$ cat work_35.tsv   # TSV, C-alpha atoms
chain	number	residue	atom	x	y	z
A	1	MET	CA	-11.94	13.48	-25.27
A	2	ALA	CA	-10.53	12.66	-21.86
A	3	ARG	CA	-6.76	12.54	-21.69
A	4	ILE	CA	-4.00	11.66	-19.29
A	5	ILE	CA	-1.85	14.69	-18.60
A	6	GLY	CA	0.54	13.25	-16.06
A	7	GLY	CA	1.39	10.63	-13.47
A	8	VAL	CA	2.45	10.55	-9.83
A	9	GLY	CA	4.15	7.82	-7.83
A	10	THR	CA	3.97	8.16	-4.06
A	11	SER	CA	4.20	6.02	-0.94
A	12	HIS	CA	1.06	6.01	1.19
A	13	VAL	CA	2.55	5.57	4.69
A	14	PRO	CA	-0.32	6.00	7.21
A	15	ALA	CA	1.85	7.93	9.68
A	16	LEU	CA	2.15	10.70	7.08
A	17	GLY	CA	-1.62	11.09	7.07
A	18	ALA	CA	-1.73	11.09	10.86
A	19	ALA	CA	1.04	13.71	11.00
A	20	SER	CA	-0.94	15.93	8.65
A	21	ASP	CA	-4.20	15.37	10.54
A	22	HIS	CA	-2.50	16.34	13.82
A	23	ASN	CA	-0.64	19.32	12.32
A	24	LYS	CA	2.85	17.99	12.97
A	25	HIS	CA	4.25	19.57	9.77
A	26	ASP	CA	6.84	21.63	11.58
A	27	GLU	CA	8.12	18.99	14.00
A	28	PRO	CA	11.78	18.10	13.27
A	29	TYR	CA	10.89	14.51	12.30
A	30	TRP	CA	8.26	15.62	9.78
A	31	LYS	CA	9.48	18.96	8.43
A	32	PRO	CA	11.96	17.59	5.87
A	33	LEU	CA	9.26	15.29	4.55
A	34	PHE	CA	6.51	17.89	4.22
A	35	ASP	CA	8.99	20.37	2.72
A	36	GLY	CA	9.82	17.71	0.16
A	37	LEU	CA	6.18	17.45	-0.94
A	38	GLY	CA	5.97	21.16	-1.82
A	39	PRO	CA	7.03	21.10	-5.48
A	40	ALA	CA	4.65	18.21	-6.26
A	41	ARG	CA	1.79	20.12	-4.68
A	42	LYS	CA	2.67	23.18	-6.79
A	43	TRP	CA	2.71	20.98	-9.88
A	44	ILE	CA	-0.77	19.55	-9.32
A	45	GLU	CA	-2.16	22.96	-8.42
A	46	LYS	CA	-1.10	24.07	-11.89
A	47	ALA	CA	-2.02	20.83	-13.68
A	48	LYS	CA	-5.54	20.97	-12.19
A	49	PRO	CA	-6.75	17.49	-13.09
A	50	ASP	CA	-10.52	17.04	-13.18
A	51	VAL	CA	-10.11	13.39	-12.32
A	52	VAL	CA	-7.44	11.38	-10.52
A	53	ILE	CA	-7.30	7.65	-11.19
A	54	LEU	CA	-5.86	6.47	-7.91
A	55	VAL	CA	-4.20	3.05	-7.85
A	56	PHE	CA	-3.87	1.85	-4.27
A	57	ASN	CA	-4.35	-1.11	-2.00
A	58	ASP	CA	-6.75	-1.76	0.81
A	59	HIS	CA	-5.21	-2.80	4.14
A	60	ALA	CA	-7.91	-5.15	5.46
A	61	SER	CA	-10.29	-2.19	5.77
A	62	ALA	CA	-12.90	-2.49	2.99
A	63	PHE	CA	-11.97	-6.07	2.14
A	64	SER	CA	-11.06	-9.11	4.19
A	65	VAL	CA	-9.89	-12.69	3.72
A	66	GLU	CA	-13.33	-14.01	2.71
A	67	LEU	CA	-12.98	-12.84	-0.86
A	68	ILE	CA	-9.72	-11.68	-2.36
A	69	ASN	CA	-9.86	-9.79	-5.65
A	70	THR	CA	-6.79	-8.93	-7.68
A	71	PHE	CA	-8.16	-5.72	-9.23
A	72	VAL	CA	-11.24	-3.83	-7.98
A	73	LEU	CA	-12.47	-0.69	-9.74
A	74	GLY	CA	-14.72	1.68	-7.83
A	75	VAL	CA	-17.75	2.91	-9.78
A	76	ALA	CA	-19.55	4.77	-6.99
A	77	ASP	CA	-20.58	8.40	-6.66
A	78	ASP	CA	-18.47	8.71	-3.52
A	79	TYR	CA	-16.29	6.78	-1.08
A	80	GLN	CA	-16.19	7.19	2.70
A	81	PRO	CA	-12.82	7.36	4.51
A	82	ALA	CA	-12.54	4.04	6.37
A	83	ASP	CA	-12.25	3.62	10.14
A	84	GLU	CA	-8.92	1.84	10.62
A	85	GLY	CA	-9.30	1.60	14.38
A	86	TYR	CA	-8.66	5.24	15.24
A	87	GLY	CA	-11.92	6.58	13.79
A	88	PRO	CA	-12.04	7.69	10.13
A	89	ARG	CA	-9.38	10.21	9.06
A	90	PRO	CA	-10.76	13.77	9.29
A	91	VAL	CA	-10.50	14.26	5.53
A	92	PRO	CA	-13.18	15.19	2.99
A	93	LEU	CA	-15.49	12.64	1.42
A	94	VAL	CA	-13.87	11.20	-1.72
A	95	VAL	CA	-16.10	12.10	-4.66
A	96	GLY	CA	-16.08	9.77	-7.65
A	97	ASN	CA	-17.29	9.98	-11.22
A	98	ALA	CA	-19.65	7.05	-11.70
A	99	ALA	CA	-20.19	7.52	-15.44
A	100	PHE	CA	-16.49	7.74	-16.24
A	101	SER	CA	-15.74	4.81	-13.89
A	102	SER	CA	-18.35	2.64	-15.60
A	103	HIS	CA	-16.90	3.51	-18.97
A	104	ILE	CA	-13.43	2.48	-17.79
A	105	ALA	CA	-14.83	-0.75	-16.30
A	106	GLU	CA	-16.53	-1.63	-19.57
A	107	SER	CA	-13.47	-0.79	-21.63
A	108	LEU	CA	-11.18	-2.86	-19.38
A	109	VAL	CA	-13.37	-5.95	-19.51
A	110	MET	CA	-13.78	-5.67	-23.29
A	111	ASP	CA	-10.00	-5.46	-23.36
A	112	GLU	CA	-9.89	-8.74	-21.36
A	113	PHE	CA	-8.92	-7.26	-17.99
A	114	ASP	CA	-11.61	-8.87	-15.87
A	115	ILE	CA	-11.72	-6.53	-12.92
A	116	ALA	CA	-14.11	-6.75	-9.99
A	117	ILE	CA	-16.48	-3.80	-9.62
A	118	ALA	CA	-17.21	-2.01	-6.34
A	119	ASN	CA	-20.44	-0.04	-5.98
A	120	GLU	CA	-19.52	0.57	-2.35
A	121	MET	CA	-16.03	0.78	-0.94
A	122	ASP	CA	-14.64	2.59	2.07
A	123	VAL	CA	-11.18	3.89	1.31
A	124	ASP	CA	-8.36	3.67	3.84
A	125	HIS	CA	-5.00	5.42	4.14
A	126	GLY	CA	-3.87	3.70	0.93
A	127	LEU	CA	-6.08	6.13	-0.98
A	128	THR	CA	-6.43	9.14	1.30
A	129	VAL	CA	-2.73	9.61	2.15
A	130	PRO	CA	-1.77	10.15	-1.51
A	131	LEU	CA	-4.50	12.83	-1.71
A	132	THR	CA	-2.99	14.47	1.38
A	133	VAL	CA	0.47	14.21	-0.19
A	134	MET	CA	-0.66	16.10	-3.28
A	135	TYR	CA	-3.39	18.42	-1.96
A	136	ASP	CA	-2.53	19.05	1.71
A	137	LYS	CA	-5.68	19.83	3.76
A	138	PRO	CA	-8.42	21.35	1.59
A	139	GLU	CA	-12.09	21.69	2.59
A	140	GLN	CA	-12.98	19.47	-0.36
A	141	TRP	CA	-10.69	17.42	-2.57
A	142	PRO	CA	-10.30	19.52	-5.72
A	143	CYS	CA	-10.67	16.53	-8.07
A	144	GLN	CA	-12.92	13.56	-8.62
A	145	VAL	CA	-11.30	10.22	-7.83
A	146	ILE	CA	-11.60	6.87	-9.55
A	147	PRO	CA	-10.16	4.22	-7.23
A	148	LEU	CA	-8.45	1.11	-8.54
A	149	CYS	CA	-7.68	-1.27	-5.68
A	150	VAL	CA	-4.98	-3.91	-6.20
A	151	ASN	CA	-4.30	-7.01	-4.11
A	152	VAL	CA	-0.73	-6.67	-2.88
A	153	ILE	CA	-1.22	-8.51	0.42
A	154	LYS	CA	-2.03	-12.08	-0.57
A	155	TYR	CA	0.66	-13.86	-2.59
A	156	PRO	CA	0.68	-14.09	-5.54
A	157	GLN	CA	0.13	-10.46	-6.29
A	158	PRO	CA	-0.41	-9.64	-9.99
A	159	THR	CA	2.86	-9.56	-11.91
A	160	GLY	CA	4.52	-6.26	-12.65
A	161	ASN	CA	3.96	-6.94	-16.33
A	162	ARG	CA	0.22	-7.45	-15.79
A	163	CYS	CA	0.12	-4.19	-13.88
A	164	PHE	CA	1.95	-2.34	-16.64
A	165	ASN	CA	-0.46	-3.74	-19.22
A	166	ILE	CA	-3.61	-2.86	-17.27
A	167	GLY	CA	-2.13	0.63	-17.12
A	168	LYS	CA	-2.01	0.68	-20.93
A	169	ALA	CA	-5.61	-0.53	-21.04
A	170	ILE	CA	-6.59	2.27	-18.66
A	171	ARG	CA	-5.01	4.80	-21.03
A	172	LYS	CA	-7.04	3.36	-23.90
A	173	ALA	CA	-10.20	3.55	-21.78
A	174	VAL	CA	-9.53	7.17	-20.85
A	175	GLU	CA	-8.86	8.20	-24.44
A	176	SER	CA	-12.10	6.64	-25.65
A	177	TYR	CA	-14.21	8.71	-23.25
A	178	PRO	CA	-15.88	11.54	-25.15
A	179	GLN	CA	-16.00	14.14	-22.38
A	180	ASP	CA	-13.13	16.61	-22.14
A	181	LEU	CA	-11.46	15.66	-18.87
A	182	ARG	CA	-7.93	16.19	-17.62
A	183	VAL	CA	-6.77	13.03	-15.88
A	184	VAL	CA	-3.76	12.35	-13.67
A	185	ILE	CA	-3.00	8.80	-12.57
A	186	PHE	CA	-1.41	8.03	-9.19
A	187	GLY	CA	0.50	4.81	-8.51
A	188	THR	CA	0.90	4.47	-4.78
A	189	GLY	CA	2.55	2.33	-2.10
A	190	GLY	CA	6.16	1.40	-1.47
A	191	MET	CA	8.89	2.26	-1.48
A	192	SER	CA	11.05	-0.45	0.07
A	193	HIS	CA	9.66	-1.51	3.43
A	194	GLN	CA	8.79	-4.52	5.49
A	195	LEU	CA	6.38	-4.43	8.40
A	196	GLN	CA	6.42	-8.10	9.36
A	197	GLY	CA	8.80	-10.67	10.83
A	198	GLU	CA	12.33	-10.51	12.16
A	199	ARG	CA	13.25	-8.46	9.10
A	200	ALA	CA	10.80	-5.66	10.03
A	201	GLY	CA	12.25	-2.26	9.20
A	202	PHE	CA	13.97	-3.44	6.03
A	203	VAL	CA	14.90	-0.59	3.68
A	204	ASN	CA	16.81	-0.84	0.40
A	205	SER	CA	17.55	2.60	-0.99
A	206	GLU	CA	19.58	1.17	-3.85
A	207	PHE	CA	16.54	-0.75	-5.08
A	208	ASP	CA	14.31	2.30	-4.69
A	209	HIS	CA	16.60	4.52	-6.76
A	210	MET	CA	16.96	1.80	-9.40
A	211	PHE	CA	13.16	1.60	-9.57
A	212	MET	CA	12.63	5.34	-9.91
A	213	ASP	CA	15.37	5.57	-12.57
A	214	GLY	CA	13.78	2.66	-14.42
A	215	LEU	CA	10.39	4.34	-14.62
A	216	ILE	CA	11.83	6.97	-16.94
A	217	GLU	CA	14.78	5.14	-18.53
A	218	ASP	CA	13.54	1.61	-19.09
A	219	PRO	CA	10.09	0.69	-17.75
A	220	ALA	CA	10.13	-2.54	-19.79
A	221	ARG	CA	12.98	-3.76	-17.60
A	222	LEU	CA	10.96	-3.06	-14.46
A	223	THR	CA	8.10	-5.19	-15.76
A	224	LYS	CA	10.43	-8.20	-15.61
A	225	ILE	CA	11.07	-7.95	-11.86
A	226	GLY	CA	9.57	-11.09	-10.33
A	227	HIS	CA	7.75	-11.64	-7.04
A	228	THR	CA	10.71	-13.05	-5.15
A	229	GLU	CA	12.91	-10.17	-6.26
A	230	TYR	CA	10.41	-7.63	-4.93
A	231	LEU	CA	9.87	-9.54	-1.70
A	232	ARG	CA	13.60	-10.00	-1.19
A	233	ASP	CA	14.94	-6.64	-2.36
A	234	ALA	CA	12.06	-4.22	-1.67
A	235	GLY	CA	10.63	-6.03	1.37
A	236	SER	CA	7.44	-8.01	1.83
A	237	GLU	CA	5.36	-4.82	1.73
A	238	GLY	CA	7.63	-3.07	-0.78
A	239	ILE	CA	6.02	-5.26	-3.45
A	240	GLU	CA	3.37	-2.52	-3.46
A	241	LEU	CA	5.64	-0.88	-6.04
A	242	ILE	CA	3.90	-2.95	-8.73
A	243	MET	CA	1.15	-0.35	-8.45
A	244	TRP	CA	3.55	2.32	-9.70
A	245	LEU	CA	3.84	0.23	-12.87
A	246	ILE	CA	0.10	0.65	-13.50
A	247	MET	CA	0.67	4.41	-13.41
A	248	ARG	CA	3.67	4.11	-15.72
A	249	GLY	CA	1.78	1.84	-18.11
A	250	ALA	CA	-0.94	4.47	-18.43
A	251	LEU	CA	1.58	7.10	-19.55
A	252	SER	CA	3.04	7.42	-23.03
A	253	ASP	CA	6.72	7.07	-23.91
A	254	ASP	CA	6.93	10.81	-24.32
A	255	ILE	CA	7.11	11.90	-20.69
A	256	GLU	CA	9.26	14.16	-18.64
A	257	GLU	CA	10.24	13.73	-15.00
A	258	VAL	CA	9.14	16.93	-13.28
A	259	TYR	CA	10.06	16.14	-9.72
A	260	ARG	CA	11.54	13.44	-7.52
A	261	PHE	CA	11.91	13.21	-3.76
A	262	TYR	CA	13.21	10.41	-1.55
A	263	HIS	CA	13.35	10.29	2.22
A	264	VAL	CA	14.11	7.69	4.90
A	265	PRO	CA	12.45	7.04	7.26
A	266	VAL	CA	8.76	7.66	7.43
A	267	SER	CA	7.62	5.40	10.24
A	268	ASN	CA	8.79	1.89	9.19
A	269	SER	CA	9.25	2.74	5.52
A	270	ALA	CA	11.24	4.50	2.84
A	271	TYR	CA	9.28	7.34	1.27
A	272	GLY	CA	9.40	8.11	-2.46
A	273	LEU	CA	7.61	10.62	-4.68
A	274	ILE	CA	7.92	11.10	-8.43
A	275	VAL	CA	5.95	13.28	-10.86
A	276	PHE	CA	5.72	12.95	-14.64
A	277	ASP	CA	4.31	15.29	-17.27
A	278	GLU	CA	3.04	14.10	-20.61
A	279	LYS	CA	5.16	16.31	-22.88
A	280	SER	CA	2.33	16.70	-25.40
A	281	GLU	CA	0.21	18.27	-22.65
A	282	VAL	CA	2.74	20.77	-21.33
B	1	MET	CA	3.62	-26.61	-2.48
B	2	GLY	CA	3.16	-23.54	-4.65
B	3	LEU	CA	4.52	-23.15	-8.16
B	4	ASN	CA	7.38	-21.24	-6.69
B	5	ASP	CA	8.50	-21.00	-3.12
B	6	ASP	CA	12.01	-19.62	-3.49
B	7	TYR	CA	10.85	-16.66	-1.41
B	8	GLU	CA	11.13	-19.00	1.60
B	9	ASP	CA	14.87	-18.27	1.38
B	10	ILE	CA	14.26	-14.67	2.49
B	11	PRO	CA	15.19	-14.37	6.17
B	12	GLY	CA	12.68	-13.20	8.75
B	13	THR	CA	9.81	-13.04	6.27
B	14	TYR	CA	6.48	-14.91	6.25
B	15	VAL	CA	5.03	-14.50	2.77
B	16	PHE	CA	1.23	-14.57	3.01
B	17	ASN	CA	0.73	-17.35	0.46
B	18	GLY	CA	-2.19	-19.71	-0.05
B	19	ARG	CA	-1.08	-22.10	2.68
B	20	ARG	CA	-0.69	-19.37	5.32
B	21	CYS	CA	-3.90	-17.69	4.21
B	22	ARG	CA	-5.79	-20.96	4.81
B	23	GLU	CA	-4.00	-21.76	8.05
B	24	GLY	CA	-4.61	-18.30	9.48
B	25	TYR	CA	-8.11	-17.83	8.10
B	26	HIS	CA	-9.98	-17.75	11.42
B	27	LEU	CA	-7.20	-15.93	13.23
B	28	ASN	CA	-7.28	-13.19	10.62
B	29	LYS	CA	-11.08	-13.07	10.73
B	30	PHE	CA	-10.87	-12.63	14.49
B	31	CYS	CA	-8.46	-9.71	13.98
B	32	LYS	CA	-10.69	-8.18	11.33
B	33	SER	CA	-13.70	-8.37	13.67
B	34	LEU	CA	-11.97	-5.84	15.95
B	35	ASP	CA	-12.84	-3.16	13.38
B	36	VAL	CA	-16.22	-2.94	15.09
B	37	GLU	CA	-16.45	-1.11	18.43
B	38	ALA	CA	-19.07	-3.51	19.86
B	39	ASN	CA	-16.69	-6.41	19.15
B	40	ARG	CA	-13.77	-4.59	20.76
B	41	GLU	CA	-15.94	-4.06	23.82
B	42	ALA	CA	-16.86	-7.75	23.93
B	43	PHE	CA	-13.20	-8.78	23.55
B	44	ARG	CA	-12.23	-6.34	26.29
B	45	SER	CA	-14.81	-7.60	28.77
B	46	ASP	CA	-14.31	-11.35	28.19
B	47	ALA	CA	-11.46	-12.18	25.82
B	48	SER	CA	-11.85	-15.93	26.10
B	49	ALA	CA	-15.58	-15.99	25.41
B	50	TYR	CA	-15.14	-13.59	22.51
B	51	MET	CA	-12.41	-15.72	20.93
B	52	ASP	CA	-14.63	-18.82	21.27
B	53	GLN	CA	-16.62	-17.50	18.31
B	54	PHE	CA	-13.63	-18.07	16.05
B	55	PRO	CA	-12.56	-21.69	15.51
B	56	MET	CA	-8.85	-21.05	16.00
B	57	THR	CA	-6.36	-23.66	17.20
B	58	ASP	CA	-5.25	-23.51	20.83
B	59	HIS	CA	-1.84	-22.46	19.61
B	60	GLN	CA	-3.28	-19.60	17.58
B	61	ARG	CA	-5.27	-18.43	20.60
B	62	LYS	CA	-2.17	-18.57	22.73
B	63	THR	CA	-0.24	-16.31	20.33
B	64	ILE	CA	-3.04	-13.77	20.65
B	65	GLU	CA	-3.30	-14.05	24.44
B	66	GLU	CA	0.46	-13.60	24.78
B	67	ARG	CA	0.61	-10.88	22.12
B	68	ASP	CA	3.27	-12.98	20.45
B	69	TRP	CA	3.39	-10.87	17.26
B	70	LEU	CA	5.98	-13.07	15.56
B	71	GLY	CA	4.18	-16.25	16.65
B	72	MET	CA	0.97	-15.02	15.02
B	73	LEU	CA	2.75	-14.75	11.66
B	74	LYS	CA	4.02	-18.31	12.02
B	75	VAL	CA	0.47	-19.66	12.34
B	76	GLY	CA	-0.95	-17.81	9.35
B	77	GLY	CA	-1.53	-14.31	10.67
B	78	ASN	CA	-1.03	-11.43	8.26
B	79	ILE	CA	0.52	-8.24	9.60
B	80	TYR	CA	-2.33	-5.97	8.41
B	81	TYR	CA	-4.76	-8.18	10.34
B	82	THR	CA	-2.65	-8.86	13.45
B	83	PHE	CA	-1.87	-5.14	13.66
B	84	LYS	CA	-5.55	-4.59	14.47
B	85	ILE	CA	-4.81	-6.22	17.86
B	86	ALA	CA	-1.95	-3.75	18.30
B	87	ILE	CA	-4.32	-0.89	17.49
B	88	PHE	CA	-6.69	-2.36	20.12
B	89	ASP	CA	-3.76	-2.29	22.58
B	90	ARG	CA	-2.81	1.23	21.40
B	91	LEU	CA	0.59	0.06	20.26
B	92	SER	CA	2.48	1.41	17.25
B	93	MET	CA	3.84	-0.49	14.28
B	94	GLN	CA	7.32	0.39	15.55
B	95	HIS	CA	6.55	-1.33	18.85
B	96	VAL	CA	5.37	-4.43	17.00
B	97	GLY	CA	8.34	-4.25	14.62
B	98	GLY	CA	10.73	-4.10	17.56
B	99	GLU	CA	9.12	-7.07	19.30
B	100	MET	CA	9.13	-9.19	16.14
B	101	SER	CA	12.81	-8.49	15.59
B	102	GLY	CA	13.89	-8.79	19.23
B	103	ILE	CA	14.80	-5.17	19.94
B	104	THR	CA	13.15	-2.42	21.97
B	105	VAL	CA	10.89	0.14	20.37
B	106	ASP	CA	13.56	2.81	20.96
B	107	GLU	CA	16.21	0.69	19.29
B	108	PHE	CA	13.81	0.06	16.41
B	109	ARG	CA	13.07	3.76	16.02
B	110	GLN	CA	16.78	4.56	16.04
B	111	MET	CA	17.46	1.87	13.45
B	112	MET	CA	14.90	3.50	11.16
B	113	LEU	CA	16.43	6.96	11.72
B	114	ASP	CA	19.78	5.45	10.77
B	115	GLY	CA	18.35	4.35	7.41
B	116	GLY	CA	16.47	1.17	8.28
B	117	ARG	CA	17.50	-2.47	8.34
B	118	MET	CA	20.09	-2.73	5.58
B	119	PRO	CA	20.11	-5.42	2.86
B	120	LYS	CA	23.55	-6.74	3.87
B	121	ASN	CA	23.05	-10.21	5.44
B	122	ASN	CA	19.30	-9.73	5.26
B	123	THR	CA	18.34	-11.08	1.85
B	124	SER	CA	19.13	-14.82	1.75
B	125	LYS	CA	19.16	-17.58	4.35
B	126	ALA	CA	21.30	-19.70	2.02
B	127	GLU	CA	23.90	-16.99	1.59
B	128	ASN	CA	23.96	-16.27	5.30
B	129	ALA	CA	24.58	-19.98	5.99
B	130	LYS	CA	27.38	-20.05	3.40
B	131	ASN	CA	29.06	-17.03	4.95
B	132	GLY	CA	28.71	-18.53	8.41
$ encode --input "work_35.tsv" --output "structure tokens"
Amino acid sequence: MARIIGGVGTSHVPALGAASDHNKHDEPYWKPLFDGLGPARKWIEKAKPDVVILVFNDHASAFSVELINTFVLGVADDYQPADEGYGPRPVPLVVGNAAFSSHIAESLVMDEFDIAIANEMDVDHGLTVPLTVMYDKPEQWPCQVIPLCVNVIKYPQPTGNRCFNIGKAIRKAVESYPQDLRVVIFGTGGMSHQLQGERAGFVNSEFDHMFMDGLIEDPARLTKIGHTEYLRDAGSEGIELIMWLIMRGALSDDIEEVYRFYHVPVSNSAYGLIVFDEKSEV
Amino acid sequence: MGLNDDYEDIPGTYVFNGRRCREGYHLNKFCKSLDVEANREAFRSDASAYMDQFPMTDHQRKTIEERDWLGMLKVGGNIYYTFKIAIFDRLSMQHVGGEMSGITVDEFRQMMLDGGRMPKNNTSKAENAKNG
């Protein structure tokens, strides 16, 4: 049976991907950040997931305003890195697992989570930066990836509670798949940041620490945070943190925090990284 | 009116709700079209003729022509879409962030290095008004 062995929360700031692509690891601005990723990279090297379920959002790359879907699950064999105006990132092709994806899609819909299904989807920095965060710069990504794309741009975004619950449904879907696969789920985006308006550059470290603490101490409380609270206290783009709740929902109650790292700034954002082990899998 | 619009109390923030999404529909589609090199080329060689393909209001066109980043948000632009014009201009998000908030890009960068724009006086128009 497939099983979830751990979870990762990470921001997906595009500048981090660009810094990696242009080998800026040792520049004074970037060194503290890349040093901070080290322990998480060691963890995943040891955990060796076969499959990563990667919860992310598209930034007007694959999707546009014509049709706005709340949840889109990729079911393709592979996903091309998107051209976001600078040419596609020089990162490996993202290889999927169509059979496992289709199983998850079926299980979610039967469980009344009516996701949209993507047979083709280019993936932008929202998906490829988290892979860079965890795997650095390999020739090929060492895992298959199942992308789950969430609308966090157009209000109203799904509620945190809905996200938490689809996470639970994902766990159920994974555990009903007969093949022996080790799965890690990534929740990405955040932490507090705002790109738009006169309030651009907004950062709220207190909120970010409260959120990371809550993931381990009291996730149920986090599911009650409403839209206005996210928009106000985490910033208009910080509402991406609802995607971390999908990751948390897919984990059991018996988890251990393995690593946490927080750093301000990365470009216009606060950066956060957290790693959880399922204790039963350690 | 949405079910809830208490987020309108957040200062300096243009939540991309249904109303703004409708108002900015063609502006955002124009921005999205710049993903394609042939379209960028057409926009570069004759901006006015290229924009004619998108039924935007005169005011929306003007915000684009003047690279009025804040103005674009006020007429329904979404930052992920309008930023495509900045990419076309080879400008960074910090440049755009500085212009939207009335500071230079260097001041913006320094503000981020100092920990970002802090929550104090930046979370509620009503509270700011009360505190004068």
$ interface_residues --input "work_35.tsv" --of "chain A" --to "chain B" --cutoff "9 Å" --atoms "all atoms listed in the file" --output "VMD selection string"
chain A and resid 59 to 61 64 to 66 83 to 86 153 to 156 193 to 205 227 to 229 231 to 233 235 to 236 264 to 270
$ write_last_selection --input "work_35.tsv" --atoms "C-alpha atoms" --output "mmCIF file, in the frame of the given file"
data_model
loop_
_atom_site.group_PDB
_atom_site.id
_atom_site.type_symbol
_atom_site.label_atom_id
_atom_site.label_comp_id
_atom_site.auth_asym_id
_atom_site.auth_seq_id
_atom_site.Cartn_x
_atom_site.Cartn_y
_atom_site.Cartn_z
ATOM 1 C CA HIS A 59 -5.210 -2.800 4.140
ATOM 2 C CA ALA A 60 -7.910 -5.150 5.460
ATOM 3 C CA SER A 61 -10.290 -2.190 5.770
ATOM 4 C CA SER A 64 -11.060 -9.110 4.190
ATOM 5 C CA VAL A 65 -9.890 -12.690 3.720
ATOM 6 C CA GLU A 66 -13.330 -14.010 2.710
ATOM 7 C CA ASP A 83 -12.250 3.620 10.140
ATOM 8 C CA GLU A 84 -8.920 1.840 10.620
ATOM 9 C CA GLY A 85 -9.300 1.600 14.380
ATOM 10 C CA TYR A 86 -8.660 5.240 15.240
ATOM 11 C CA ILE A 153 -1.220 -8.510 0.420
ATOM 12 C CA LYS A 154 -2.030 -12.080 -0.570
ATOM 13 C CA TYR A 155 0.660 -13.860 -2.590
ATOM 14 C CA PRO A 156 0.680 -14.090 -5.540
ATOM 15 C CA HIS A 193 9.660 -1.510 3.430
ATOM 16 C CA GLN A 194 8.790 -4.520 5.490
ATOM 17 C CA LEU A 195 6.380 -4.430 8.400
ATOM 18 C CA GLN A 196 6.420 -8.100 9.360
ATOM 19 C CA GLY A 197 8.800 -10.670 10.830
ATOM 20 C CA GLU A 198 12.330 -10.510 12.160
ATOM 21 C CA ARG A 199 13.250 -8.460 9.100
ATOM 22 C CA ALA A 200 10.800 -5.660 10.030
ATOM 23 C CA GLY A 201 12.250 -2.260 9.200
ATOM 24 C CA PHE A 202 13.970 -3.440 6.030
ATOM 25 C CA VAL A 203 14.900 -0.590 3.680
ATOM 26 C CA ASN A 204 16.810 -0.840 0.400
ATOM 27 C CA SER A 205 17.550 2.600 -0.990
ATOM 28 C CA HIS A 227 7.750 -11.640 -7.040
ATOM 29 C CA THR A 228 10.710 -13.050 -5.150
ATOM 30 C CA GLU A 229 12.910 -10.170 -6.260
ATOM 31 C CA LEU A 231 9.870 -9.540 -1.700
ATOM 32 C CA ARG A 232 13.600 -10.000 -1.190
ATOM 33 C CA ASP A 233 14.940 -6.640 -2.360
ATOM 34 C CA GLY A 235 10.630 -6.030 1.370
ATOM 35 C CA SER A 236 7.440 -8.010 1.830
ATOM 36 C CA VAL A 264 14.110 7.690 4.900
ATOM 37 C CA PRO A 265 12.450 7.040 7.260
ATOM 38 C CA VAL A 266 8.760 7.660 7.430
ATOM 39 C CA SER A 267 7.620 5.400 10.240
ATOM 40 C CA ASN A 268 8.790 1.890 9.190
ATOM 41 C CA SER A 269 9.250 2.740 5.520
ATOM 42 C CA ALA A 270 11.240 4.500 2.840
#
$ atom_distance --input "work_35.tsv" --atom1 "atom CA of A:Glu256" --atom2 "atom CA of A:Gly160"
21.8 Å
$ residues_around --input "work_35.tsv" --residues "stretch 117-125 of chain A" --least-positions-apart "4" --cutoff "10 Å" --atoms "only C-alpha atoms" --output "ChimeraX atom specification"
/A:12-18,56-63,69,71-84,88-89,93-94,98,101-102,105,129-132,147-149
$ closest_residue --input "work_35.tsv" --among "A:Pro178, A:Gly190, A:Gly9, A:Gly96" --to "A:Gly238" --atoms "only C-alpha atoms"
A:Gly190
$ axis_aligned_box --input "work_35.tsv" --around "stretch 1-5 of chain B" --padding-each-side "4 Å" --output "AutoDock Vina command-line options"
--center_x 5.8 --center_y -23.8 --center_z -5.3 --size_x 13.3 --size_y 13.6 --size_z 13.7
$ residues_around --input "work_35.tsv" --residues "A:Pro92" --least-positions-apart "5" --cutoff "9 Å" --atoms "only C-alpha atoms" --output "PyMOL selection string"
chain A and resi 80-81+137-141
$ write_last_selection --input "work_35.tsv" --atoms "C-alpha atoms" --output "short mmCIF file (atom, residue, chain, number, x, y, z; two decimals), in the frame of the given file"
data_model
loop_
_atom_site.label_atom_id
_atom_site.label_comp_id
_atom_site.auth_asym_id
_atom_site.auth_seq_id
_atom_site.Cartn_x
_atom_site.Cartn_y
_atom_site.Cartn_z
CA GLN A 80 -16.19 7.19 2.70
CA PRO A 81 -12.82 7.36 4.51
CA LYS A 137 -5.68 19.83 3.76
CA PRO A 138 -8.42 21.35 1.59
CA GLU A 139 -12.09 21.69 2.59
CA GLN A 140 -12.98 19.47 -0.36
CA TRP A 141 -10.69 17.42 -2.57
#
$ residues_around --input "work_35.tsv" --residues "stretch 244-252 of chain A" --least-positions-apart "2" --cutoff "7 Å" --atoms "all atoms listed in the file" --output "number ranges by chain"
A: 7, 9, 160, 163-168, 170-171, 185-188, 215, 241-242, 254-255
$ residues_around --input "work_35.tsv" --residues "A:Leu108" --least-positions-apart "2" --cutoff "9 Å" --atoms "only C-alpha atoms" --output "list in words"
His103, Ile104, Ala105, Glu106, Met110, Asp111, Glu112, Phe113, Asp114, Ile115, Ile166, Ala169, Ile170, Lys172 and Ala173 of chain A
$ atom_distance --input "work_35.tsv" --atom1 "atom CA of A:Ile44" --atom2 "atom CA of A:Val184"
8.9 Å
$ atom_distance --input "work_35.tsv" --atom1 "atom CA of A:Leu127" --atom2 "atom CA of A:Val145"
9.5 Å
$ closest_residue --input "work_35.tsv" --among "A:Arg260, A:Lys31, A:Arg182, A:Arg162" --to "A:Met212" --atoms "only C-alpha atoms"
A:Arg260
